[in-house]
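Structure data follow from query_12.cif (mmCIF, C-alpha atoms and all ligand atoms):
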data_model
loop_
_atom_site.label_atom_id
_atom_site.label_comp_id
_atom_site.auth_asym_id
_atom_site.auth_seq_id
_atom_site.Cartn_x
_atom_site.Cartn_y
_atom_site.Cartn_z
CA MET A 1 -34.04 31.13 70.20
CA ARG A 2 -30.29 30.94 70.74
CA TRP A 3 -29.56 27.36 71.72
CA LEU A 4 -26.18 25.74 72.15
CA GLY A 5 -25.85 23.33 69.22
CA ASN A 6 -28.83 24.70 67.26
CA LYS A 7 -28.64 23.05 63.85
CA GLY A 8 -30.61 25.76 62.06
CA PRO A 9 -27.53 26.67 59.98
CA LEU A 10 -26.94 23.02 58.96
CA LEU A 11 -30.42 22.01 57.84
CA ALA A 12 -29.50 21.86 54.15
CA GLU A 13 -26.56 19.54 54.88
CA ILE A 14 -28.62 17.31 57.17
CA HIS A 15 -31.36 17.07 54.55
CA ALA A 16 -28.91 16.38 51.73
CA ALA A 17 -27.20 13.66 53.79
CA ALA A 18 -30.53 11.96 54.47
CA LEU A 19 -31.59 12.10 50.80
CA LYS A 20 -28.24 10.73 49.67
CA ALA A 21 -28.73 7.78 52.02
CA GLY A 22 -32.04 7.01 50.33
CA PHE A 23 -34.52 8.82 52.57
CA LYS A 24 -37.79 9.17 50.70
CA GLY A 25 -40.00 10.63 53.41
CA GLY A 26 -42.11 9.13 56.16
CA THR A 27 -41.55 9.37 59.89
CA VAL A 28 -38.58 11.31 61.24
CA CYS A 29 -37.45 11.08 64.83
CA ASP A 30 -35.57 14.07 66.28
CA LEU A 31 -33.99 12.56 69.37
CA PHE A 32 -32.39 15.60 71.03
CA ALA A 33 -34.72 18.31 69.82
CA GLY A 34 -33.32 21.41 71.62
CA SER A 35 -34.65 24.48 69.81
CA GLY A 36 -36.84 22.21 67.65
CA SER A 37 -35.42 23.59 64.41
CA VAL A 38 -34.63 20.19 62.84
CA GLY A 39 -38.06 18.72 63.55
CA ARG A 40 -39.74 21.86 62.26
CA PHE A 41 -37.72 21.66 59.05
CA PHE A 42 -38.67 18.03 58.36
CA ARG A 43 -42.33 18.73 59.11
CA ALA A 44 -42.24 21.49 56.52
CA GLN A 45 -40.83 18.88 54.06
CA GLY A 46 -43.99 16.81 54.57
CA CYS A 47 -42.67 14.34 57.18
CA ARG A 48 -44.37 13.22 60.36
CA VAL A 49 -41.98 14.15 63.14
CA LEU A 50 -41.67 12.61 66.61
CA SER A 51 -39.25 14.31 68.96
CA THR A 52 -37.99 14.50 72.49
CA ASP A 53 -35.71 16.46 74.81
CA LEU A 54 -35.22 16.52 78.57
CA MET A 55 -35.87 20.24 78.88
CA ASN A 56 -39.35 21.63 79.37
CA CYS A 57 -38.52 24.78 77.39
CA SER A 58 -37.57 22.58 74.43
CA HIS A 59 -40.83 20.68 74.83
CA VAL A 60 -42.73 23.95 74.51
CA PHE A 61 -41.04 24.67 71.15
CA GLN A 62 -41.51 21.11 69.95
CA LYS A 63 -45.23 21.25 70.76
CA ALA A 64 -45.63 24.57 68.98
CA TYR A 65 -43.72 23.45 65.88
CA LEU A 66 -44.91 19.86 65.55
CA GLU A 67 -48.39 19.66 67.06
CA SER A 68 -49.99 22.94 66.03
CA ASP A 69 -52.39 22.70 63.14
CA GLY A 70 -52.75 26.06 61.41
CA ALA A 71 -53.09 29.47 63.06
CA PRO A 72 -54.39 29.28 66.65
CA ARG A 73 -57.89 30.73 67.00
CA PHE A 74 -57.83 31.67 70.69
CA GLU A 75 -61.63 31.29 70.77
CA GLY A 76 -61.73 31.05 74.56
CA LEU A 77 -59.98 34.42 74.90
CA LYS A 78 -62.11 36.35 72.41
CA GLN A 79 -63.33 38.78 75.08
CA TYR A 80 -59.74 39.99 75.53
CA TRP A 81 -58.79 40.55 71.91
CA GLU A 82 -61.97 40.99 69.88
CA GLN A 83 -62.21 44.78 70.10
CA LEU A 84 -58.48 45.46 69.71
CA SER A 85 -56.54 46.34 66.61
CA PRO A 86 -53.90 43.77 65.64
CA ALA A 87 -50.22 44.14 66.51
CA PRO A 88 -48.12 45.15 63.48
CA GLN A 89 -47.75 42.62 60.65
CA ALA A 90 -44.00 42.67 61.28
CA ARG A 91 -44.67 40.29 64.18
CA LEU A 92 -45.38 37.62 61.55
CA ALA A 93 -41.83 37.87 60.23
CA ASN A 94 -40.86 34.39 61.45
CA LEU A 95 -43.64 32.73 59.47
CA GLU A 96 -43.42 31.41 55.93
CA GLU A 97 -46.95 32.62 55.31
CA LYS A 98 -46.83 36.28 56.33
CA THR A 99 -50.32 37.43 55.52
CA GLY A 100 -53.80 36.13 55.91
CA GLU A 101 -56.86 36.64 58.04
CA SER A 102 -56.16 33.54 60.04
CA TRP A 103 -53.41 35.20 62.07
CA ILE A 104 -55.48 38.24 63.07
CA PRO A 105 -56.70 36.76 66.41
CA PHE A 106 -53.08 36.02 67.34
CA LEU A 107 -51.94 39.54 66.40
CA LYS A 108 -54.78 41.03 68.44
CA LEU A 109 -53.93 38.87 71.41
CA LEU A 110 -50.32 40.06 71.21
CA ARG A 111 -51.64 43.60 71.40
CA TYR A 112 -53.52 42.73 74.59
CA LEU A 113 -50.53 41.00 76.20
CA GLU A 114 -48.21 43.87 75.39
CA GLU A 115 -50.44 46.86 76.02
CA GLY A 116 -53.51 45.73 77.92
CA LEU A 117 -51.71 44.07 80.81
CA PRO A 118 -50.00 45.97 83.62
CA PRO A 119 -46.42 44.91 84.52
CA GLU A 120 -46.08 43.02 87.81
CA GLU A 121 -43.13 42.94 90.16
CA GLY A 122 -43.20 39.16 90.31
CA MET A 123 -40.70 36.36 90.48
CA LEU A 124 -38.64 37.25 87.40
CA TYR A 125 -38.42 40.86 88.60
CA ARG A 126 -37.32 39.71 92.08
CA GLN A 127 -34.99 36.90 91.04
CA PHE A 128 -33.66 37.71 87.57
CA SER A 129 -33.33 41.48 87.39
CA ALA A 130 -30.98 43.89 89.14
CA ALA A 131 -33.98 45.20 91.09
CA GLY A 132 -34.02 42.00 93.15
CA GLU A 133 -32.00 41.33 96.28
CA ALA A 134 -29.67 38.87 94.51
CA GLN A 135 -29.07 41.42 91.70
CA ARG A 136 -29.07 38.80 88.96
CA ASN A 137 -28.79 41.06 85.97
CA TYR A 138 -30.40 38.76 83.35
CA LEU A 139 -33.32 41.02 82.39
CA SER A 140 -33.98 44.73 82.76
CA PRO A 141 -36.44 45.34 85.64
CA GLU A 142 -38.97 46.70 83.10
CA ASN A 143 -38.81 43.62 80.85
CA ALA A 144 -38.83 41.24 83.83
CA ALA A 145 -41.98 42.91 85.21
CA ARG A 146 -43.71 42.79 81.83
CA LEU A 147 -42.89 39.11 81.48
CA ASP A 148 -44.16 38.48 85.01
CA GLY A 149 -47.46 40.11 84.07
CA ILE A 150 -47.77 38.04 80.88
CA LEU A 151 -46.82 34.71 82.52
CA ASN A 152 -49.24 35.28 85.41
CA GLN A 153 -51.97 35.94 82.86
CA LEU A 154 -51.11 32.74 80.97
CA ARG A 155 -51.32 30.81 84.25
CA ALA A 156 -54.73 32.30 85.02
CA TRP A 157 -55.97 31.36 81.53
CA ARG A 158 -54.63 27.83 81.89
CA ILE A 159 -56.35 27.42 85.26
CA SER A 160 -59.66 28.70 83.87
CA ALA A 161 -59.25 26.43 80.81
CA SER A 162 -59.59 29.45 78.52
CA LEU A 163 -56.95 28.25 76.08
CA THR A 164 -55.86 24.88 74.70
CA GLU A 165 -52.55 23.32 75.70
CA ASN A 166 -51.21 23.94 72.22
CA GLU A 167 -52.25 27.60 72.29
CA LEU A 168 -50.48 27.95 75.63
CA CYS A 169 -47.31 26.41 74.21
CA ILE A 170 -47.35 28.73 71.19
CA LEU A 171 -47.70 31.76 73.48
CA LEU A 172 -44.98 30.44 75.77
CA ALA A 173 -42.64 29.83 72.84
CA SER A 174 -43.23 33.45 71.90
CA CYS A 175 -42.41 34.59 75.49
CA ILE A 176 -39.22 32.49 75.73
CA ASP A 177 -38.04 33.77 72.38
CA ALA A 178 -38.86 37.39 73.31
CA ALA A 179 -37.00 37.03 76.64
CA ASP A 180 -34.03 35.49 74.85
CA ARG A 181 -33.73 38.49 72.53
CA VAL A 182 -33.49 40.88 75.50
CA ALA A 183 -31.52 38.61 77.87
CA ASN A 184 -28.33 40.17 79.18
CA ILE A 185 -26.12 37.19 78.33
CA SER A 186 -23.46 36.42 75.79
CA GLY A 187 -24.53 32.93 74.73
CA THR A 188 -26.02 30.62 77.31
CA TYR A 189 -27.64 31.54 80.63
CA GLY A 190 -24.65 30.10 82.54
CA ALA A 191 -23.69 33.69 83.43
CA TYR A 192 -25.19 37.16 83.09
CA LEU A 193 -23.28 40.25 82.10
CA LYS A 194 -22.40 42.86 84.67
CA LYS A 195 -23.15 45.79 82.40
CA MET A 196 -26.47 45.98 80.59
CA GLN A 197 -25.81 45.47 76.87
CA GLY A 198 -27.76 47.42 74.23
CA SER A 199 -30.02 44.54 73.14
CA ALA A 200 -31.05 43.91 76.77
CA MET A 201 -32.30 47.48 77.13
CA ARG A 202 -34.72 47.13 74.24
CA SER A 203 -38.34 46.66 75.07
CA LEU A 204 -39.67 43.09 75.19
CA GLU A 205 -41.45 42.32 71.91
CA LEU A 206 -43.59 39.25 71.36
CA ARG A 207 -43.51 37.68 67.92
CA ILE A 208 -45.47 34.86 66.37
CA PRO A 209 -43.25 31.74 66.41
CA ALA A 210 -42.02 30.26 63.13
CA LEU A 211 -44.83 27.72 62.82
CA VAL A 212 -44.97 25.54 59.72
CA THR A 213 -47.59 23.36 58.10
CA GLY A 214 -47.27 19.64 57.44
CA PRO A 215 -48.34 16.37 59.03
CA VAL A 216 -49.04 16.72 62.75
CA GLY A 217 -46.29 15.14 64.84
CA VAL A 218 -45.79 14.36 68.53
CA ALA A 219 -43.53 16.15 71.02
CA HIS A 220 -42.12 14.52 74.16
CA ARG A 221 -40.16 15.43 77.24
CA GLU A 222 -38.58 12.04 77.78
CA ASP A 223 -35.08 10.79 78.34
CA ALA A 224 -33.87 9.85 74.86
CA LEU A 225 -31.93 6.91 76.26
CA GLU A 226 -35.15 5.27 77.40
CA TRP A 227 -37.61 6.66 74.89
CA ILE A 228 -35.71 5.43 71.85
CA SER A 229 -36.84 1.84 72.30
CA SER A 230 -40.47 2.86 71.79
CA VAL A 231 -39.93 4.60 68.44
CA GLU A 232 -39.83 3.29 64.90
CA CYS A 233 -39.01 5.60 62.03
CA GLU A 234 -37.58 5.92 58.54
CA LEU A 235 -35.03 8.56 59.59
CA LEU A 236 -33.49 8.99 63.01
CA TYR A 237 -31.70 12.28 63.59
CA VAL A 238 -29.36 12.20 66.60
CA ASP A 239 -27.84 15.43 67.91
CA PRO A 240 -26.64 14.68 71.45
CA PRO A 241 -24.80 17.06 73.76
CA TYR A 242 -21.11 16.72 73.04
CA ASN A 243 -19.34 18.34 75.97
CA GLN A 244 -19.64 18.62 79.75
CA ARG A 245 -21.97 21.58 79.72
CA GLN A 246 -25.29 20.33 81.07
CA TYR A 247 -28.22 22.09 79.42
CA PRO A 248 -30.42 22.50 82.54
CA ALA A 249 -27.63 24.46 84.25
CA ASN A 250 -27.13 26.67 81.21
CA TYR A 251 -30.76 27.30 80.22
CA HIS A 252 -32.43 27.63 83.62
CA LEU A 253 -34.13 30.96 82.87
CA PRO A 254 -35.95 29.74 79.71
CA GLU A 255 -36.78 26.59 81.69
CA ILE A 256 -38.30 28.62 84.53
CA ILE A 257 -40.30 30.76 82.07
CA SER A 258 -41.62 27.59 80.46
CA LEU A 259 -42.64 26.12 83.83
CA LEU A 260 -44.23 29.15 85.49
CA PRO A 261 -47.68 29.00 83.83
CA PHE A 262 -47.97 25.30 84.69
CA GLU A 263 -47.51 25.92 88.43
CA ASP A 264 -50.36 26.92 90.78
CA SER A 265 -48.38 29.99 91.79
CA GLU A 266 -44.81 31.30 91.57
CA GLN A 267 -44.07 30.19 95.12
CA ARG A 268 -42.81 26.64 94.71
CA LEU A 269 -40.35 27.53 91.94
CA GLU A 270 -39.21 30.69 93.67
CA ASP A 271 -38.50 28.78 96.89
CA SER A 272 -36.28 26.35 94.99
CA ILE A 273 -34.02 29.00 93.41
CA TYR A 274 -30.41 28.99 94.58
CA GLY A 275 -26.91 30.22 93.80
CA LYS A 276 -25.39 33.16 92.00
CA THR A 277 -27.20 32.52 88.75
CA GLY A 278 -30.55 31.47 90.25
CA LEU A 279 -30.60 27.82 89.28
CA ILE A 280 -33.45 25.48 90.12
CA PRO A 281 -32.56 21.89 91.14
CA TRP A 282 -31.49 20.14 87.95
CA LYS A 283 -29.28 17.18 88.87
CA ASP A 284 -32.07 14.70 88.06
CA LYS A 285 -31.78 15.95 84.47
CA ALA A 286 -27.99 15.62 84.25
CA SER A 287 -27.16 13.71 81.09
CA PRO A 288 -24.63 10.83 81.11
CA LEU A 289 -23.80 11.95 77.57
CA CYS A 290 -22.08 15.00 79.11
CA SER A 291 -19.90 12.87 81.34
CA ARG A 292 -16.15 12.48 80.95
CA ARG A 293 -16.08 9.91 83.72
CA GLY A 294 -14.67 6.61 82.47
CA GLU A 295 -16.77 5.11 79.70
CA GLU A 296 -20.09 6.54 80.88
CA CYS A 297 -20.72 8.61 77.76
CA PHE A 298 -19.52 5.93 75.34
CA GLN A 299 -21.52 3.12 76.93
CA SER A 300 -24.69 5.23 77.25
CA MET A 301 -24.50 6.27 73.60
CA ARG A 302 -23.77 2.71 72.52
CA GLN A 303 -26.67 1.28 74.52
CA MET A 304 -29.00 3.95 73.16
CA LEU A 305 -28.11 3.35 69.51
CA LYS A 306 -28.55 -0.41 69.91
CA GLU A 307 -32.23 0.23 70.57
CA ALA A 308 -32.75 2.40 67.47
CA LYS A 309 -35.33 1.09 65.00
CA ALA A 310 -34.75 3.12 61.86
CA ASP A 311 -33.65 2.70 58.23
CA ILE A 312 -31.26 5.64 58.30
CA VAL A 313 -29.42 7.36 61.14
CA VAL A 314 -27.99 10.85 60.65
CA PHE A 315 -25.78 11.63 63.62
CA SER A 316 -24.30 15.08 64.41
CA TYR A 317 -21.28 15.51 66.65
CA SER A 318 -18.49 18.00 67.12
CA GLU A 319 -14.90 17.01 66.50
CA GLU A 320 -14.19 18.59 69.90
CA GLY A 321 -16.68 16.37 71.68
CA ILE A 322 -16.19 13.83 74.46
CA LEU A 323 -16.31 10.86 72.08
CA ASN A 324 -13.68 10.55 69.38
CA ARG A 325 -14.21 9.61 65.79
CA SER A 326 -13.35 5.93 66.13
CA GLU A 327 -15.67 5.51 69.13
CA LEU A 328 -18.54 7.03 67.17
CA GLU A 329 -17.74 4.88 64.14
CA GLN A 330 -17.74 1.79 66.34
CA ILE A 331 -21.16 2.67 67.82
CA LEU A 332 -22.70 3.38 64.44
CA GLN A 333 -21.07 0.38 62.80
CA GLU A 334 -22.52 -1.86 65.51
CA TRP A 335 -25.96 -0.43 64.81
CA SER A 336 -25.58 -0.58 61.07
CA GLY A 337 -24.27 -4.14 60.86
CA THR A 338 -22.54 -5.57 57.84
CA GLY A 339 -25.43 -6.54 55.54
CA GLY A 340 -25.47 -5.63 51.84
CA ALA A 341 -27.58 -2.49 52.29
CA SER A 342 -25.69 -1.28 55.34
CA SER A 343 -23.23 1.58 55.13
CA LEU A 344 -21.51 4.27 57.15
CA THR A 345 -20.22 7.55 55.75
CA LEU A 346 -18.92 10.75 57.30
CA MET A 347 -19.26 14.34 56.12
CA GLU A 348 -17.15 17.05 57.76
CA ILE A 349 -18.64 20.52 57.85
CA PRO A 350 -16.54 23.54 58.82
CA TYR A 351 -18.51 25.48 61.39
CA ARG A 352 -18.13 28.61 63.51
CA ARG A 353 -17.40 27.84 67.13
CA PHE A 354 -20.21 28.59 69.59
CA ARG A 355 -18.65 31.21 71.88
CA SER A 356 -20.84 31.71 74.90
CA ASP A 357 -18.13 33.72 76.59
CA ALA A 358 -17.13 36.10 73.84
CA HIS A 359 -17.86 38.89 76.34
CA LYS A 360 -16.48 38.71 79.84
CA PRO A 361 -19.16 37.28 82.13
CA GLN A 362 -19.97 38.78 85.50
CA GLU A 363 -19.50 35.59 87.51
CA PRO A 364 -16.49 36.01 89.79
CA GLY A 365 -13.80 33.47 89.02
CA VAL A 366 -15.22 32.61 85.58
CA GLN A 367 -12.41 32.93 83.08
CA LYS A 368 -12.78 33.56 79.39
CA ARG A 369 -11.96 30.21 77.81
CA THR A 370 -9.17 29.92 75.31
CA PHE A 371 -9.43 27.51 72.41
CA ARG A 372 -6.57 25.81 70.64
CA PRO A 373 -7.68 25.44 67.03
CA ALA A 374 -6.54 22.47 64.96
CA PRO A 375 -3.54 23.19 62.68
CA GLY A 376 -4.49 25.38 59.75
CA ARG A 377 -7.79 26.48 61.31
CA SER A 378 -8.86 29.90 62.56
CA ALA A 379 -9.65 30.31 66.28
CA ASP A 380 -13.36 30.13 65.53
CA GLU A 381 -13.35 27.22 63.09
CA VAL A 382 -14.36 23.81 64.26
CA HIS A 383 -15.57 20.85 62.24
CA GLU A 384 -18.99 19.36 62.72
CA TRP A 385 -19.29 15.68 61.89
CA LEU A 386 -22.31 14.31 60.14
CA PHE A 387 -22.29 10.52 60.18
CA VAL A 388 -24.83 8.77 58.01
CA ALA A 389 -25.54 5.12 58.67
CA THR A 390 -27.98 2.85 56.93
CA ARG A 391 -29.07 -0.58 57.92
CA ASP A 392 -30.50 -3.53 56.06
CA ARG A 393 -33.76 -4.12 57.90
CA SER A 394 -35.02 -6.84 55.55
CA GLU A 395 -33.93 -9.60 57.93
CA GLU A 396 -35.81 -7.99 60.82
CA ALA A 397 -38.95 -8.06 58.67
CA VAL A 398 -38.87 -11.81 57.95
CA VAL A 399 -41.94 -13.39 59.51
CA ASP A 400 -41.98 -17.02 60.56
CA PRO A 401 -44.89 -18.52 58.56
CA SER A 402 -45.51 -21.36 61.08
C1 LIG A 501 -26.88 19.66 70.74
S1 LIG A 501 -28.38 19.99 71.53
C2 LIG A 501 -29.58 19.67 70.29
C3 LIG A 501 -29.77 20.85 69.40
C4 LIG A 501 -30.92 20.71 68.43
N1 LIG A 501 -30.68 19.71 67.41
C5 LIG A 501 -31.23 22.04 67.79
O1 LIG A 501 -31.12 22.15 66.55
O2 LIG A 501 -31.53 22.99 68.50
C6 LIG A 501 -28.55 18.63 72.61
C7 LIG A 501 -29.88 18.52 73.34
O3 LIG A 501 -29.93 17.27 74.03
C8 LIG A 501 -30.75 17.42 75.18
N2 LIG A 501 -30.47 16.25 76.03
C9 LIG A 501 -29.33 15.95 76.70
N3 LIG A 501 -29.43 14.74 77.27
C10 LIG A 501 -30.65 14.24 76.95
C11 LIG A 501 -31.33 13.02 77.19
N4 LIG A 501 -30.77 12.06 77.92
N5 LIG A 501 -32.56 12.85 76.67
C12 LIG A 501 -33.15 13.83 75.93
N6 LIG A 501 -32.54 15.01 75.65
C13 LIG A 501 -31.31 15.21 76.15
C14 LIG A 501 -30.37 18.78 75.70
O4 LIG A 501 -31.38 19.31 76.53
C15 LIG A 501 -30.17 19.57 74.40
O5 LIG A 501 -31.33 20.28 74.05
#
Would you encode the structure as structure tokens?
Amino acid sequence: MRWLGNKGPLLAEIHAAALKAGFKGGTVCDLFAGSGSVGRFFRAQGCRVLSTDLMNCSHVFQKAYLESDGAPRFEGLKQYWEQLSPAPQARLANLEEKTGESWIPFLKLLRYLEEGLPPEEGMLYRQFSAAGEAQRNYLSPENAARLDGILNQLRAWRISASLTENELCILLASCIDAADRVANISGTYGAYLKKMQGSAMRSLELRIPALVTGPVGVAHREDALEWISSVECELLYVDPPYNQRQYPANYHLPEIISLLPFEDSEQRLEDSIYGKTGLIPWKDKASPLCSRRGEECFQSMRQMLKEAKADIVVFSYSEEGILNRSELEQILQEWSGTGGASSLTLMEIPYRRFRSDAHKPQEPGVQKRTFRPAPGRSADEVHEWLFVATRDRSEEAVVDPS
């Protein structure tokens, strides 16, 4: 799905940086997993991946990408899909392996979810389509009602224990991705567009998520600042938020979709919705790494890195971020130390700016932001930093023989 800071386009650079620093495989920790694309990539390279993110919708992707083991069989739902013909093979387009009998149950289940289920005028229809009282134009009323029907069915199957947790996450990842492709937004969910754009009028289409094979990993929904002390790995990939935009306030609709099947009903979540864009309370998930207040971001990042137990750290940041280059170098240098095997290097990668407001949003008072590019750069060009730090861990390994 579209995710602010998705490193899908930089996987080759991240991989090359890790290899150059001496990474030979083993356990990889993806500390701010977001869309899950980095963890998925390293799993496909044969690594065991542990990951975390504060957002539930990210957790759903992480679980699908890291913890699934082959094609889901949906044994407990056989009565729904057995007699159906499979959805078109094109729905496998995201997969490396695009053929094979093993995916037939999934394709048949997609057929049921798309054609066997009636739409329902549920919470998404009421709260996130123009048909609702608040007129939040995020989804067409038709797509919102179809999603409501599908999510209510997933909840019913969860309650009756008809599918495994991993199967539920794979289906949910498919729903979030499908909703994202027809969402009437221009980047993040921080605002919806007044006029329905062409892509938002297309019919919701479920696809099989881009699952990969490789060692089974573990997905978490923990605060990275606390969780880091419990992890040990060969490679730590760090991709923190770099500006003041808090993810829970900009991805509330995928978050709500990811939560709905885990609730007993829609009621509790619907009662908590507020404001023009239909947020749910999120302040408990506000990240200090998005703070420009005093040294909050710097000290939080510094404290976090101090706890990191890894041989190599690859650290992504934008040159336009809250922390400047020398602050980041100081934090990484402190982690790396000054031993013989320790080092710190920086790669700069020209990158296209993420423009969430390329179209004018509907929110009254929201202005299109203007960017002042660095000298010699185009308006859309920004440099992504890739710091690579290594650390001599031999001293840590010395055991007192007495
Ligand atoms: C730049 S994005 C990561 C993008 C990701 N590497 C990808 O390729 O999609 C930063 C992520 O950090 C998460 N985040 C922010 N603060 C966090 C925290 N304290 N603990 C865990 N995750 C956090 C956000 O939810 C967001 O998904």
Restricting the calculation to only C-alpha atoms and all ligand atoms, which member of A:Gly22, A:Pro118, A:Pro72, A:Gly36 is positioned closest to ligand LIG 501 (chain A)?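 Using only C-alpha atoms and all ligand atoms, ligand LIG 501 (chain A) sits closest to A:Gly36.
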Give the residues close to ligand LIG 501 (chain A), within 9 Å, counting all atoms listed in the file; write them as an NGL selection string. :A and (1-11 or 30-39 or 52-56 or 58 or 221-227 or 237-242 or 246-248 or 251 or 285-290 or 316-317)
List the spatial neighbours of Ser129 in chain A as an MDAnalysis selection string - criterion: any atom at most 12 Å away, only C-alpha atoms, same-chain residues fewer than 2 positions off excluded. chainID A and resid 121:127 131:148 182:184 192:194 196 200:201 253 277:278
Could you jot down the CA of Arg207 in chain A to CA of Gln267 in chain A separation for me, Å, one decimal place?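 Here the two named atoms are 28.2 Å from each other.
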Distance cut-off 7 Å, centre (-15.5, 14.9, 80.8) in file coordinates, counting all atoms listed in the file: which residues qualify? Return them as a VMD selection string. chain A and resid 244 290 to 293 322
Using all atoms listed in the file, can you tell me which of A:Pro350, A:Gly149, A:Gly294, A:Gly217 comes closest to Pro261 in chain A?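 Ranking A:Pro350, A:Gly149, A:Gly294, A:Gly217 by distance to Pro261 in chain A, first place goes to A:Gly149.
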Kindly compute an axis-aligned box around the listed atoms of range 300-319 of chain A, allowing 4 Å on each side, and express its centre and edge lengths in Å to one decimal as JSON.
{"center_x": -25.1, "center_y": 8.8, "center_z": 67.7, "size_x": 28.4, "size_y": 26.4, "size_z": 27.0}
Just want the 8 Å neighbourhood of Phe106 in chain A, counted on all atoms listed in the file, with same-chain residues fewer than 6 positions away dropped. Output as a PyMOL selection string. chain A and resi 71-74+86+208
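Reported to one decimal place, the separation of CA of Ile280 in chain A from CA of Leu259 in chain A is 11.2 Å.
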Rank A:Ala21, A:Arg352, A:Ser258, A:Arg391 by their smallest atom-to-atom distance to Arg377 in chain A, using only C-alpha atoms, and report the top residue only. A:Arg352
Hey, can you check how far CA of Gly46 in chain A sits from CA of His15 in chain A?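 Between these atoms lies a distance of 12.6 Å.
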Kindly indicate which residue among A:Arg325, A:His59, A:Lys108, A:Arg43 lies nearest to Trp81 in chain A, using all atoms listed in the file for the distances.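 Distance minimum relative to Trp81 in chain A lands on A:Lys108.
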Counting all atoms listed in the file, the residue among A:Asn243, A:Ser342, A:Ser68, A:Ser203 that lies closest to Glu320 in chain A is A:Asn243
From the options A:Ile150, A:Val314, A:Ala219, A:Met304, which residue's atoms come nearest to Arg40 in chain A, counting all atoms listed in the file? A:Ala219
Taking (-55.6, 42.8, 72.3) as a centre in this file's frame and 7 Å as the limit, can you find every polymer residue with an atom that close, using all atoms listed in the file, and give them as a list of chain:residue names?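 The residues near that point, listed by chain and number, are A:Tyr80, A:Trp81, A:Leu84, A:Ser85, A:Pro86, A:Lys108, A:Leu109, A:Leu110, A:Arg111, A:Tyr112, A:Leu113, A:Gly116.
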Pick out the residues sitting within 10 Å of Cys233 in chain A, and hand them over as a list in words; count all atoms listed in the file, and ignore anything fewer than 4 positions along from it in its own chain.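 Neighbouring residues, sequence-local ones excluded: Gly26, Thr27, Val28, Cys29, Arg48, Val49, Leu50, Ala308, Lys309, Ala310, Asp311, Ile312 and Val313 of chain A.
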Residues within 9 Å of range 381-387 of chain A, only C-alpha atoms, excluding chain neighbours under 2 positions, as an mmCIF file with C-alpha atoms, in the coordinates of the input:
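Result written to part-v5.cif:
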data_model
loop_
_atom_site.group_PDB
_atom_site.id
_atom_site.type_symbol
_atom_site.label_atom_id
_atom_site.label_comp_id
_atom_site.auth_asym_id
_atom_site.auth_seq_id
_atom_site.Cartn_x
_atom_site.Cartn_y
_atom_site.Cartn_z
ATOM 1 C CA GLU A 13 -26.560 19.540 54.880
ATOM 2 C CA ILE A 14 -28.620 17.310 57.170
ATOM 3 C CA ALA A 17 -27.200 13.660 53.790
ATOM 4 C CA VAL A 313 -29.420 7.360 61.140
ATOM 5 C CA VAL A 314 -27.990 10.850 60.650
ATOM 6 C CA PHE A 315 -25.780 11.630 63.620
ATOM 7 C CA SER A 316 -24.300 15.080 64.410
ATOM 8 C CA TYR A 317 -21.280 15.510 66.650
ATOM 9 C CA SER A 318 -18.490 18.000 67.120
ATOM 10 C CA GLU A 319 -14.900 17.010 66.500
ATOM 11 C CA GLU A 320 -14.190 18.590 69.900
ATOM 12 C CA ARG A 325 -14.210 9.610 65.790
ATOM 13 C CA LEU A 328 -18.540 7.030 67.170
ATOM 14 C CA GLU A 329 -17.740 4.880 64.140
ATOM 15 C CA LEU A 332 -22.700 3.380 64.440
ATOM 16 C CA LEU A 344 -21.510 4.270 57.150
ATOM 17 C CA THR A 345 -20.220 7.550 55.750
ATOM 18 C CA LEU A 346 -18.920 10.750 57.300
ATOM 19 C CA MET A 347 -19.260 14.340 56.120
ATOM 20 C CA GLU A 348 -17.150 17.050 57.760
ATOM 21 C CA ILE A 349 -18.640 20.520 57.850
ATOM 22 C CA PRO A 350 -16.540 23.540 58.820
ATOM 23 C CA TYR A 351 -18.510 25.480 61.390
ATOM 24 C CA ARG A 352 -18.130 28.610 63.510
ATOM 25 C CA ARG A 353 -17.400 27.840 67.130
ATOM 26 C CA PRO A 373 -7.680 25.440 67.030
ATOM 27 C CA ALA A 374 -6.540 22.470 64.960
ATOM 28 C CA ARG A 377 -7.790 26.480 61.310
ATOM 29 C CA SER A 378 -8.860 29.900 62.560
ATOM 30 C CA ALA A 379 -9.650 30.310 66.280
ATOM 31 C CA ALA A 389 -25.540 5.120 58.670
#
